[in-house]
Amino acid sequence: MKLFDNTQTAFKLKSDSELERAYFLFRMIQNQPMVRIGTAVTNFALKAHLPVEGLIRSTVFDHFCGGVTEEDCIPTIEEMYNKGGVSSVLDYSVEGKAEEASFDEALNKILKIIQFSEEKQSIPFAVFKPTGFGRFALYQKLTEGKELTTNEKSEWDRVVNRFHTVCKAAVKKDVPLLIDAEESWMQDAADDLIEELMEIYNKEKAIVFNTLQMYRHDRMEYLRNLHQRAHQKGYHIGMKVVRGAYMEKERARAEEKEYESPICVNKQATDTNYDEAVRYMMEHKNMAIFAGTHNEESSFLLMELAKKHNIAVSDKRMWFGQLYGMSDHISFNLAEEGYNVAKYVPFGPVRDVMPYLIRRAEENTSVAGQTSRELNLLKTEKARRKL
């Protein structure tokens, strides 16, 4: 594990004060009751329009987000790329909107990011969520196999058009598109649509990437079946492989509605599933992988598989990805070795990005060892600088 212990490389872009802020923040996040209380207080303060945005901005927002607008993020993105060799994926992290105007606004944001990506080497991908382009309930209805009303059919046509618009722009500008996965009870509709897009736009190489959440025990079977169809129809598969972000929600819904939970029985089963997907993808030439992971073992596995299959560290079919504000010891040390690495850099108005930030805090609290590891590395770097 020596590679990921190099804190000098990991935190080379952080000033002493930024290092102190990160240490303070992760110490707060480590305290589960504090995260729960802080989340409740923050939600209340925002709903009551209390002036807390400045406080959020100077602490948790600035640590986990690049800025309020795309332009805000550029200095951070350029610094990470020029000084650390780490690319960025600009992620418009506004969630839960349900009006047509907000879907069109999200579409325009993604088109703008594709334009940015063409111009800047530091931004190699564009990304969006399916519910950024259409209502959750609409995807859910299709996933459940229910008949759409006439109005809903027109609405779905508009959703499909938005997807095609970004895919066409991505192909034209040669910018790969990462499409995030969401909750299981709407995901089939998104998967079916993305598969159609892969068939159309991934003839030469992977431009359209779907996302596999490997905490779902059915995803390996899905990947194998998709690969079979892609092989028959002659298109490339692009996949972002992650563990998953909605575990508590998924389990609670399965229990409430009395169906089998789609989530693996435990963390070990999820890790095994994740590594199996990585192995499978690295064995097949017509696949491109974006390995979204904060797990050191999984990162090492991908490095070993690249060696085994004679895949160059700089091969654009293989990327490592982490979230901005987390796991710098993985991102910057991998980049130092010449691997393709990209940080997800969220942006958006402070108020609108809060659901994302709350998920980050909860995730860091619930993943055993994640916060302790961050704290130990920060502590090591603080001590190294003192010397």
# chains A, B, ... in the order shown; residues from 1 in each chain; ligands from 1
call {"tool": "closest_atom_pairs", "arguments": {"of": "range 231-321 of chain A", "to": "range 185-197 of chain A", "cutoff": "12 Å", "atoms": "only C-alpha atoms", "output": "tab-separated table"}}
result
residue	atom	partner	partner_atom	distance
A:Lys233	CA	A:Glu196	CA	11.0
A:Tyr235	CA	A:Glu195	CA	10.0
A:His236	CA	A:Glu195	CA	10.4
A:Ile237	CA	A:Glu195	CA	8.9
A:Gly238	CA	A:Glu195	CA	10.1
A:Met239	CA	A:Ile194	CA	10.9
A:Tyr246	CA	A:Trp185	CA	11.6
A:Lys249	CA	A:Trp185	CA	11.1
A:Glu250	CA	A:Trp185	CA	8.9
A:Arg251	CA	A:Trp185	CA	11.9
A:Arg253	CA	A:Trp185	CA	9.6
A:Ala254	CA	A:Trp185	CA	10.0
A:Lys257	CA	A:Trp185	CA	11.7
A:Tyr259	CA	A:Trp185	CA	11.5
A:Ser261	CA	A:Trp185	CA	11.1
A:Pro262	CA	A:Trp185	CA	9.8
call {"tool": "select_by_dssp", "arguments": {"residues": "range 269-374 of chain A", "states": "helix (DSSP H, G or I)", "output": "compact mmCIF listing (two decimals) with N, CA and C atoms, in the first residue's frame"}}
result
# COMPACT_ATOMS: atom_id res chain seq x y z
N ALA A 269 -19.59 -8.57 0.21
CA ALA A 269 -20.24 -9.03 -1.02
C ALA A 269 -20.20 -7.93 -2.08
N THR A 270 -20.37 -6.69 -1.65
CA THR A 270 -20.30 -5.55 -2.58
C THR A 270 -18.89 -5.42 -3.15
N ASP A 271 -17.88 -5.52 -2.28
CA ASP A 271 -16.49 -5.43 -2.74
C ASP A 271 -16.16 -6.52 -3.75
N THR A 272 -16.62 -7.73 -3.47
CA THR A 272 -16.38 -8.87 -4.37
C THR A 272 -17.04 -8.61 -5.72
N ASN A 273 -18.27 -8.13 -5.67
CA ASN A 273 -19.05 -7.81 -6.87
C ASN A 273 -18.34 -6.73 -7.70
N TYR A 274 -17.87 -5.69 -7.00
CA TYR A 274 -17.18 -4.57 -7.67
C TYR A 274 -15.93 -5.10 -8.41
N ASP A 275 -15.13 -5.86 -7.68
CA ASP A 275 -13.88 -6.36 -8.28
C ASP A 275 -14.14 -7.32 -9.44
N GLU A 276 -15.24 -8.07 -9.35
CA GLU A 276 -15.60 -8.98 -10.45
C GLU A 276 -15.94 -8.19 -11.71
N ALA A 277 -16.66 -7.08 -11.53
CA ALA A 277 -17.02 -6.23 -12.68
C ALA A 277 -15.76 -5.65 -13.32
N VAL A 278 -14.82 -5.19 -12.50
CA VAL A 278 -13.57 -4.63 -13.00
C VAL A 278 -12.79 -5.69 -13.78
N ARG A 279 -12.71 -6.90 -13.22
CA ARG A 279 -12.00 -8.00 -13.90
C ARG A 279 -12.65 -8.29 -15.26
N TYR A 280 -13.97 -8.40 -15.26
CA TYR A 280 -14.71 -8.74 -16.48
C TYR A 280 -14.47 -7.68 -17.56
N MET A 281 -14.54 -6.42 -17.17
CA MET A 281 -14.38 -5.35 -18.16
C MET A 281 -12.96 -5.29 -18.72
N MET A 282 -11.98 -5.56 -17.86
CA MET A 282 -10.59 -5.48 -18.32
C MET A 282 -10.22 -6.66 -19.24
N GLU A 296 -8.65 1.43 -1.82
CA GLU A 296 -7.27 1.23 -2.25
C GLU A 296 -7.06 -0.14 -2.91
N GLU A 297 -7.68 -1.18 -2.33
CA GLU A 297 -7.52 -2.54 -2.90
C GLU A 297 -8.05 -2.60 -4.33
N SER A 298 -9.23 -1.99 -4.55
CA SER A 298 -9.81 -2.00 -5.90
C SER A 298 -8.94 -1.23 -6.88
N SER A 299 -8.32 -0.15 -6.40
CA SER A 299 -7.43 0.64 -7.26
C SER A 299 -6.21 -0.19 -7.64
N PHE A 300 -5.64 -0.90 -6.65
CA PHE A 300 -4.49 -1.77 -6.94
C PHE A 300 -4.87 -2.89 -7.91
N LEU A 301 -6.06 -3.43 -7.74
CA LEU A 301 -6.51 -4.51 -8.63
C LEU A 301 -6.53 -4.03 -10.08
N LEU A 302 -7.08 -2.84 -10.30
CA LEU A 302 -7.16 -2.31 -11.66
C LEU A 302 -5.75 -2.09 -12.23
N MET A 303 -4.84 -1.61 -11.41
CA MET A 303 -3.45 -1.42 -11.85
C MET A 303 -2.82 -2.76 -12.26
N GLU A 304 -3.06 -3.79 -11.44
CA GLU A 304 -2.50 -5.13 -11.73
C GLU A 304 -3.09 -5.70 -13.02
N LEU A 305 -4.41 -5.51 -13.19
CA LEU A 305 -5.07 -6.04 -14.40
C LEU A 305 -4.57 -5.33 -15.66
N ALA A 306 -4.30 -4.04 -15.54
CA ALA A 306 -3.76 -3.30 -16.68
C ALA A 306 -2.42 -3.89 -17.10
N LYS A 307 -1.59 -4.19 -16.10
CA LYS A 307 -0.28 -4.82 -16.38
C LYS A 307 -0.49 -6.19 -17.05
N LYS A 308 -1.35 -6.99 -16.43
CA LYS A 308 -1.60 -8.36 -16.90
C LYS A 308 -2.07 -8.37 -18.37
N ASP A 328 -7.61 12.13 -1.83
CA ASP A 328 -6.52 12.74 -2.60
C ASP A 328 -5.29 11.83 -2.65
N HIS A 329 -5.15 10.98 -1.62
CA HIS A 329 -3.98 10.08 -1.59
C HIS A 329 -4.04 9.06 -2.72
N ILE A 330 -5.26 8.75 -3.18
CA ILE A 330 -5.40 7.84 -4.33
C ILE A 330 -5.23 8.64 -5.63
N SER A 331 -5.98 9.72 -5.76
CA SER A 331 -5.98 10.50 -7.01
C SER A 331 -4.60 11.00 -7.42
N PHE A 332 -3.95 11.73 -6.51
CA PHE A 332 -2.70 12.39 -6.89
C PHE A 332 -1.52 11.42 -7.00
N ASN A 333 -1.54 10.36 -6.20
CA ASN A 333 -0.46 9.36 -6.32
C ASN A 333 -0.60 8.53 -7.58
N LEU A 334 -1.84 8.23 -8.00
CA LEU A 334 -2.05 7.51 -9.27
C LEU A 334 -1.62 8.39 -10.45
N ALA A 335 -2.01 9.67 -10.39
CA ALA A 335 -1.67 10.61 -11.48
C ALA A 335 -0.15 10.74 -11.60
N GLU A 336 0.54 10.74 -10.45
CA GLU A 336 2.00 10.82 -10.41
C GLU A 336 2.63 9.63 -11.16
N VAL A 350 -25.43 27.08 -3.69
CA VAL A 350 -25.23 26.43 -2.38
C VAL A 350 -26.50 25.70 -1.93
N ARG A 351 -27.62 26.41 -1.99
CA ARG A 351 -28.90 25.86 -1.52
C ARG A 351 -29.28 24.59 -2.31
N ASP A 352 -29.07 24.61 -3.62
CA ASP A 352 -29.48 23.49 -4.48
C ASP A 352 -28.54 22.29 -4.37
N VAL A 353 -27.31 22.53 -3.92
CA VAL A 353 -26.32 21.45 -3.85
C VAL A 353 -26.36 20.75 -2.48
N MET A 354 -27.16 21.29 -1.56
CA MET A 354 -27.19 20.73 -0.19
C MET A 354 -27.53 19.23 -0.14
N PRO A 355 -28.51 18.72 -0.93
CA PRO A 355 -28.76 17.27 -0.87
C PRO A 355 -27.51 16.45 -1.18
N TYR A 356 -26.72 16.94 -2.15
CA TYR A 356 -25.47 16.25 -2.50
C TYR A 356 -24.50 16.28 -1.31
N LEU A 357 -24.35 17.47 -0.70
CA LEU A 357 -23.39 17.62 0.40
C LEU A 357 -23.79 16.78 1.61
N ILE A 358 -25.09 16.73 1.88
CA ILE A 358 -25.58 15.93 3.01
C ILE A 358 -25.28 14.45 2.76
N ARG A 359 -25.47 14.00 1.50
CA ARG A 359 -25.15 12.60 1.17
C ARG A 359 -23.67 12.30 1.38
N ARG A 360 -22.81 13.28 1.01
CA ARG A 360 -21.36 13.09 1.20
C ARG A 360 -21.03 12.92 2.68
N ALA A 361 -21.61 13.80 3.51
CA ALA A 361 -21.34 13.74 4.95
C ALA A 361 -21.81 12.41 5.53
N GLU A 362 -23.03 12.00 5.12
CA GLU A 362 -23.59 10.73 5.64
C GLU A 362 -22.78 9.53 5.17
N GLU A 363 -22.34 9.60 3.91
CA GLU A 363 -21.56 8.50 3.34
C GLU A 363 -20.23 8.35 4.09
N ASN A 364 -19.57 9.49 4.37
CA ASN A 364 -18.30 9.45 5.09
C ASN A 364 -18.48 8.94 6.51
N THR A 365 -19.65 9.22 7.08
CA THR A 365 -19.92 8.76 8.45
C THR A 365 -20.20 7.27 8.46
N SER A 366 -20.91 6.79 7.41
CA SER A 366 -21.36 5.39 7.44
C SER A 366 -20.34 4.39 6.90
N GLN A 370 -13.45 5.08 6.32
CA GLN A 370 -13.20 6.13 5.31
C GLN A 370 -12.69 7.42 5.97
N THR A 371 -13.41 7.91 6.97
CA THR A 371 -13.04 9.17 7.61
C THR A 371 -11.77 9.03 8.42
N SER A 372 -11.61 7.89 9.10
CA SER A 372 -10.39 7.66 9.89
C SER A 372 -9.16 7.70 8.99
N ARG A 373 -9.30 7.08 7.81
CA ARG A 373 -8.18 7.06 6.85
C ARG A 373 -7.83 8.49 6.42
N GLU A 374 -8.86 9.28 6.08
CA GLU A 374 -8.62 10.68 5.69
C GLU A 374 -7.92 11.43 6.82
call {"tool": "closest_residue", "arguments": {"among": "A:Asn286, A:Asn310, A:Thr69, A:Thr7", "to": "Lys203 in chain A", "atoms": "only C-alpha atoms"}}
result
A:Asn286
call {"tool": "residues_around", "arguments": {"residues": "Gly38 in chain A", "least_positions_apart": "2", "cutoff": "12 Å", "atoms": "only C-alpha atoms", "output": "list in words"}}
result
Met28, Ile29, Asn31, Gln32, Pro33, Met34, Val35, Arg36, Ala40, Val41, Thr42, Asn43, Phe44, Ala45, Ile56, Val60, Met354, Leu357, Ile358, Ala361 and Glu362 of chain A
call {"tool": "atom_distance", "arguments": {"atom1": "CA of Asp91 in chain A", "atom2": "CA of Asp16 in chain A"}}
result
27.1 Å
call {"tool": "residues_around", "arguments": {"residues": "Glu71 in chain A", "least_positions_apart": "4", "cutoff": "10 Å", "atoms": "only C-alpha atoms", "output": "number ranges by chain"}}
result
A: 66-67, 75, 116, 347
call {"tool": "closest_residue", "arguments": {"among": "A:Leu90, A:Ala126, A:Val159, A:Met287", "to": "His231 in chain A", "atoms": "only C-alpha atoms"}}
result
A:Met287
call {"tool": "residues_around", "arguments": {"residues": "Leu25 in chain A", "least_positions_apart": "4", "cutoff": "9 Å", "atoms": "only C-alpha atoms", "output": "list in words"}}
result
Glu20, Arg21, Ile29, Gln30, Thr59, Val60 and His63 of chain A
call {"tool": "write_last_selection", "arguments": {"atoms": "N, CA and C atoms", "output": "PDB file, in the first residue's frame"}}
result
ATOM      1  N   GLU A  20      -5.666  22.345   7.475  1.00  0.00           N
ATOM      2  CA  GLU A  20      -6.318  22.455   8.787  1.00  0.00           C
ATOM      3  C   GLU A  20      -7.844  22.371   8.646  1.00  0.00           C
ATOM      4  N   ARG A  21      -8.376  23.037   7.616  1.00  0.00           N
ATOM      5  CA  ARG A  21      -9.833  23.018   7.405  1.00  0.00           C
ATOM      6  C   ARG A  21     -10.318  21.594   7.106  1.00  0.00           C
ATOM      7  N   ILE A  29     -17.193  15.235  10.716  1.00  0.00           N
ATOM      8  CA  ILE A  29     -17.944  14.193   9.999  1.00  0.00           C
ATOM      9  C   ILE A  29     -17.845  12.845  10.711  1.00  0.00           C
ATOM     10  N   GLN A  30     -16.722  12.625  11.393  1.00  0.00           N
ATOM     11  CA  GLN A  30     -16.524  11.358  12.105  1.00  0.00           C
ATOM     12  C   GLN A  30     -17.553  11.160  13.217  1.00  0.00           C
ATOM     13  N   THR A  59     -17.131  26.287   4.663  1.00  0.00           N
ATOM     14  CA  THR A  59     -16.708  25.020   5.287  1.00  0.00           C
ATOM     15  C   THR A  59     -16.934  23.846   4.340  1.00  0.00           C
ATOM     16  N   VAL A  60     -18.079  23.207   4.485  1.00  0.00           N
ATOM     17  CA  VAL A  60     -18.340  21.962   3.761  1.00  0.00           C
ATOM     18  C   VAL A  60     -18.436  22.183   2.244  1.00  0.00           C
ATOM     19  N   HIS A  63     -15.054  22.652   0.521  1.00  0.00           N
ATOM     20  CA  HIS A  63     -14.219  21.445   0.565  1.00  0.00           C
ATOM     21  C   HIS A  63     -14.665  20.412  -0.484  1.00  0.00           C
TER      22      HIS A  63
END
call {"tool": "select_by_dssp", "arguments": {"residues": "range 3-184 of chain A", "states": "strand (DSSP E or B)", "output": "list in words"}}
result
Gly67, Ser87, Ser88, Val89, Leu90, Asp91, Tyr92, Phe125, Ala126, Val127, Phe128, Leu177, Leu178 and Ile179 of chain A
call {"tool": "closest_residue", "arguments": {"among": "A:Thr131, A:Thr293, A:Thr211, A:Ser122", "to": "Ala98 in chain A", "atoms": "only C-alpha atoms"}}
result
A:Thr131
call {"tool": "residues_around", "arguments": {"residues": "Gly292 in chain A", "least_positions_apart": "4", "cutoff": "9 Å", "atoms": "only C-alpha atoms", "output": "list in words"}}
result
Lys240, Val241, Val242, Arg243, Trp319, Phe320, Gly321, Gln322 and Leu323 of chain A
call {"tool": "residues_around", "arguments": {"residues": "range 84-87 of chain A", "least_positions_apart": "3", "cutoff": "9 Å", "atoms": "only C-alpha atoms", "output": "VMD selection string"}}
result
chain A and resid 9 to 10 12 to 13 77 to 81 121 to 124 331 to 336 338 340 to 344
call {"tool": "atom_distance", "arguments": {"atom1": "CA of Gly134 in chain A", "atom2": "CA of Trp156 in chain A"}}
result
7.6 Å
